[in-house]
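Single-structure report; data block below.
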Amino acid sequence: MRKASLRRACAAVVAVTSLTLVATACGGTTKKDVKDENTGSAVTGGKADPNAALKKGLTVGFLPKQVNNPYFTTSDKGGEKALTELGEKYKEVGPSSATDTAGQVSYVNTLTQQQVNAMAVSAQDPGALCTALKQAMSNKIKVVTYDSDTNPDCRNAFVSQASAEDLGRTQVQLLAQQIGYKGEIAILSAAQTATNQNTWIGFMKDELKDPKYKNIKLVKVAYGNDDAQQSFQQTQGLLQQYPNLKGIISPTTVGIKAAAQYLSSSKYKGKVKLTGLGTPNDMRKYVKNGTVDGFELWDPAKLGALAAQTAVALVSGQITGKEGETFKAGGTSYTIGKDGVISLGKPTVFDAKNIDQFNF
């Protein structure tokens with residue numbers, strides 16, 4: 001997920017089966033916070049009006065996991081473009097480190113004090129931002145999470161890159177095909193607390209239970225913290241610890257690029273398969289030089305745009321965040337799913353045949 005989600009390549013798509021995280025308990029709800037019984041997402045009282053006119057002149061603050069991160073720069077620019085087209089105002093704030101959770105909390109408070117109409121947040125931790133986000137909602141600020149989610153009751157809606165299940169399972173499917181459904185594999189993740197990473201990994205492990213993967217063994221989940229140097233070193237360490245390793249899945253754009261960099265100049269090039277979530281611009285040379293057969297991702301600019309459009313729809317009253325509500329964004333109709341999740345769509349697989357068709 002960031003180039004993170006992506007890069008990090010986030011880190012939610014989404015809350016998963018049991019996240020092994022110690023999350024800060026959400027608290028500080030007020031009477032203005034209503035927990036919808038059907039979705040669990042925090043929604044403001046009132047009925048959605050899908051035909052309501054979009055309000056103009058709104059300010060939406062974007063808070064990525066990390067500023068100046070290529071992935072989030074792309075996604076947030078997508079949000080800015082969408083807001084400009086809708087006649088709204090855009091601003092971006094955020095920490096320079098992808099693991100500065102306290103910094104993210106501080107920026108939530110800053111946006112609340114600045115009285116923005118809505119904020120779009122890619123959470124570094126599912127629970128740590130909850131108190132601050134609930135305070136924002138109590139001040140009538142709509143909260144949308146994107147790329148990496150919080151606990152459902154700490155926001156109005158979550159814009160997911162794709163189905164968390166699809167992302168987790170398809171990465172296993174891709175690697176299994178590449179290694180002939182046989183051998184030891186490892187996962188190179190981002191931060192140990194990244195919501196989306198843990199969710200995807202949960203589905204990866206579940207996918208591996210299928211009998212067709214009986215000859216594949218997951219030997220380790222390593223963490224590079226969405227840091228290029230750490231991810232490079234973790235890749236080197238995996239290959240030293242497991243000399244028979246056949247493949248690596250890295251569901252983070254930072255991790256997969258660093259792993260590809262290591263593999264491309266090592267004796268393992270072409271022998272140890274690598275897939276996961278990456279951007280075409282980062283991975284193009286590694287696909288063309290034979291280090292990587294194929295990987296997947298979504299378009300981060302479209303993700304940011306949908307987060308922005310969702311925020312405006314919430315403020316305008318077209319939706320409240322309840323399951324089953326529908327709205328239009330960029331000419332496409334979206335339906336809110338369980339727990340207030342809105343899915344951008346299916347991930348795209350990039351390989352030598354199509355990678356030059358994309359530029360992000």
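We label chains A, B, ... in the order they appear in the structure tokens, count residues from 1 in each chain, and number ligands from 1 in the order shown.
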Name all residues at most 12 Å from Gln241 of chain A (count only C-alpha atoms; drop same-chain ones fewer than 6 positions away) and give them as a PyMOL selection string. chain A and resi 184-186+219-220+222+234-235
Quick one: write out the picked residues with all heavy atoms as a tab-separated table (two decimals), in the first residue's frame?
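Heads up, here's the output in selection-v2.tsv:
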```
chain	number	residue	atom	x	y	z
A	184	GLU	N	8.77	-22.95	-1.39
A	184	GLU	CA	8.65	-22.07	-0.24
A	184	GLU	C	8.46	-20.62	-0.71
A	184	GLU	O	9.10	-20.18	-1.67
A	184	GLU	CB	9.91	-22.14	0.62
A	184	GLU	CG	10.17	-23.51	1.24
A	184	GLU	CD	11.44	-23.55	2.07
A	184	GLU	OE1	12.27	-22.62	1.95
A	184	GLU	OE2	11.62	-24.51	2.84
A	185	ILE	N	7.58	-19.91	-0.02
A	185	ILE	CA	7.36	-18.50	-0.34
A	185	ILE	C	7.39	-17.66	0.92
A	185	ILE	O	7.24	-18.18	2.03
A	185	ILE	CB	6.02	-18.27	-1.07
A	185	ILE	CG1	4.84	-18.58	-0.14
A	185	ILE	CG2	5.94	-19.10	-2.35
A	185	ILE	CD1	3.49	-18.17	-0.70
A	186	ALA	N	7.60	-16.37	0.75
A	186	ALA	CA	7.60	-15.44	1.88
A	186	ALA	C	6.80	-14.20	1.50
A	186	ALA	O	6.53	-13.96	0.31
A	186	ALA	CB	9.03	-15.05	2.24
A	219	VAL	N	6.82	-19.52	4.56
A	219	VAL	CA	7.82	-19.70	5.62
A	219	VAL	C	7.98	-18.49	6.52
A	219	VAL	O	8.41	-18.62	7.67
A	219	VAL	CB	9.19	-20.08	5.01
A	219	VAL	CG1	9.12	-21.45	4.36
A	219	VAL	CG2	9.67	-19.03	4.01
A	220	LYS	N	7.66	-17.29	6.00
A	220	LYS	CA	7.85	-16.12	6.85
A	220	LYS	C	7.12	-14.89	6.31
A	220	LYS	O	6.98	-14.72	5.10
A	220	LYS	CB	9.34	-15.78	6.99
A	220	LYS	CG	9.64	-14.66	7.99
A	220	LYS	CD	11.13	-14.50	8.23
A	220	LYS	CE	11.41	-13.43	9.28
A	220	LYS	NZ	12.86	-13.29	9.56
A	222	ALA	N	7.85	-10.98	6.59
A	222	ALA	CA	8.86	-10.00	7.01
A	222	ALA	C	8.29	-8.59	6.85
A	222	ALA	O	7.34	-8.37	6.10
A	222	ALA	CB	10.12	-10.15	6.16
A	234	GLN	N	15.58	-6.67	4.14
A	234	GLN	CA	14.70	-7.78	4.50
A	234	GLN	C	14.67	-8.82	3.37
A	234	GLN	O	14.64	-10.03	3.62
A	234	GLN	CB	13.28	-7.28	4.78
A	234	GLN	CG	13.13	-6.53	6.10
A	234	GLN	CD	13.25	-7.46	7.30
A	234	GLN	OE1	12.99	-8.67	7.21
A	234	GLN	NE2	13.66	-6.91	8.43
A	235	THR	N	14.71	-8.36	2.13
A	235	THR	CA	14.74	-9.28	0.99
A	235	THR	C	16.03	-10.10	1.02
A	235	THR	O	16.02	-11.33	0.85
A	235	THR	CB	14.66	-8.51	-0.33
A	235	THR	OG1	13.48	-7.71	-0.35
A	235	THR	CG2	14.64	-9.46	-1.52
```
Compile the contact shell of segment 319-325 of chain A as a ChimeraX atom specification: residues with an atom at most 6 Å away, counting only C-alpha atoms, same-chain residues fewer than 4 positions apart removed. /A:39,43,48,156-157,314,335-338,340
One decimal place gives the atom CA of Gln177 of chain A-atom CA of Pro300 of chain A separation as 26.1 Å
To test your reading of the structure, identify every residue in segment 129-219 of chain A that backbone DSSP assigns to helix (DSSP H, G or I), and report it as a ChimeraX atom specification. /A:130-138,152-154,164-178,195-207,211-213
Nearest-residue call for Val144 of chain A, choices A:Leu274, A:Ala120, A:Val108, A:Leu129, using only C-alpha atoms: A:Ala120
Quick one: everything within 6 Å of Glu296 of chain A, counting only C-alpha atoms, minus sequence neighbours fewer than 5 positions away in the same chain. Send it as a PDB file with N, CA, C and O atoms, in the first residue's frame.
```pdb
ATOM      1  N   LEU A 277       2.071  -5.744  -5.029  1.00  0.00           N
ATOM      2  CA  LEU A 277       1.441  -4.500  -5.441  1.00  0.00           C
ATOM      3  C   LEU A 277       2.510  -3.452  -5.740  1.00  0.00           C
ATOM      4  O   LEU A 277       3.330  -3.131  -4.886  1.00  0.00           O
ATOM      5  N   THR A 348      -5.639  -4.449 -11.395  1.00  0.00           N
ATOM      6  CA  THR A 348      -5.126  -4.702 -12.737  1.00  0.00           C
ATOM      7  C   THR A 348      -3.799  -5.437 -12.645  1.00  0.00           C
ATOM      8  O   THR A 348      -2.959  -5.102 -11.809  1.00  0.00           O
ATOM      9  N   VAL A 349      -3.603  -6.440 -13.470  1.00  0.00           N
ATOM     10  CA  VAL A 349      -2.331  -7.163 -13.519  1.00  0.00           C
ATOM     11  C   VAL A 349      -1.460  -6.517 -14.598  1.00  0.00           C
ATOM     12  O   VAL A 349      -1.891  -6.328 -15.732  1.00  0.00           O
ATOM     13  N   PHE A 350      -0.234  -6.166 -14.229  1.00  0.00           N
ATOM     14  CA  PHE A 350       0.702  -5.549 -15.163  1.00  0.00           C
ATOM     15  C   PHE A 350       1.794  -6.549 -15.522  1.00  0.00           C
ATOM     16  O   PHE A 350       2.397  -7.160 -14.639  1.00  0.00           O
TER      17      PHE A 350
END
```
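If only C-alpha atoms are the atoms counted, then among A:Tyr334, A:Phe62, A:Tyr181, A:Tyr71 the closest residue to Asp299 of chain A is A:Tyr71.
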I'd like the neighbourhood of Ile141 of chain A as a PDB file with N, CA, C and O atoms, in the first residue's frame, where a residue qualifies if any of its atoms comes within 8 Å (using only C-alpha atoms), though same-chain residues fewer than 6 positions away should be ignored.
```
ATOM      1  N   THR A 112      -9.342  19.467  12.117  1.00  0.00           N
ATOM      2  CA  THR A 112     -10.565  19.735  12.884  1.00  0.00           C
ATOM      3  C   THR A 112     -10.598  21.191  13.333  1.00  0.00           C
ATOM      4  O   THR A 112     -11.617  21.875  13.213  1.00  0.00           O
ATOM      5  N   GLN A 115     -11.546  23.554  10.784  1.00  0.00           N
ATOM      6  CA  GLN A 115     -12.958  23.435  10.412  1.00  0.00           C
ATOM      7  C   GLN A 115     -13.171  23.105   8.932  1.00  0.00           C
ATOM      8  O   GLN A 115     -13.992  23.724   8.247  1.00  0.00           O
ATOM      9  N   VAL A 116     -12.402  22.137   8.437  1.00  0.00           N
ATOM     10  CA  VAL A 116     -12.652  21.664   7.074  1.00  0.00           C
ATOM     11  C   VAL A 116     -14.024  21.001   7.050  1.00  0.00           C
ATOM     12  O   VAL A 116     -14.568  20.619   8.090  1.00  0.00           O
ATOM     13  N   ASN A 117     -14.598  20.864   5.884  1.00  0.00           N
ATOM     14  CA  ASN A 117     -15.911  20.223   5.779  1.00  0.00           C
ATOM     15  C   ASN A 117     -15.813  18.707   5.822  1.00  0.00           C
ATOM     16  O   ASN A 117     -16.733  18.017   6.261  1.00  0.00           O
ATOM     17  N   ALA A 118     -14.674  18.202   5.344  1.00  0.00           N
ATOM     18  CA  ALA A 118     -14.462  16.753   5.342  1.00  0.00           C
ATOM     19  C   ALA A 118     -12.970  16.483   5.291  1.00  0.00           C
ATOM     20  O   ALA A 118     -12.175  17.339   4.901  1.00  0.00           O
ATOM     21  N   MET A 119     -12.599  15.283   5.697  1.00  0.00           N
ATOM     22  CA  MET A 119     -11.198  14.878   5.578  1.00  0.00           C
ATOM     23  C   MET A 119     -11.127  13.463   5.031  1.00  0.00           C
ATOM     24  O   MET A 119     -11.984  12.625   5.309  1.00  0.00           O
TER      25      MET A 119
END
```
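With only C-alpha atoms as the atoms that count, the minimum distance from Ala329 of chain A to the choices A:Leu188, A:Leu83, A:Ala136, A:Ile256 is reached by A:Leu83.
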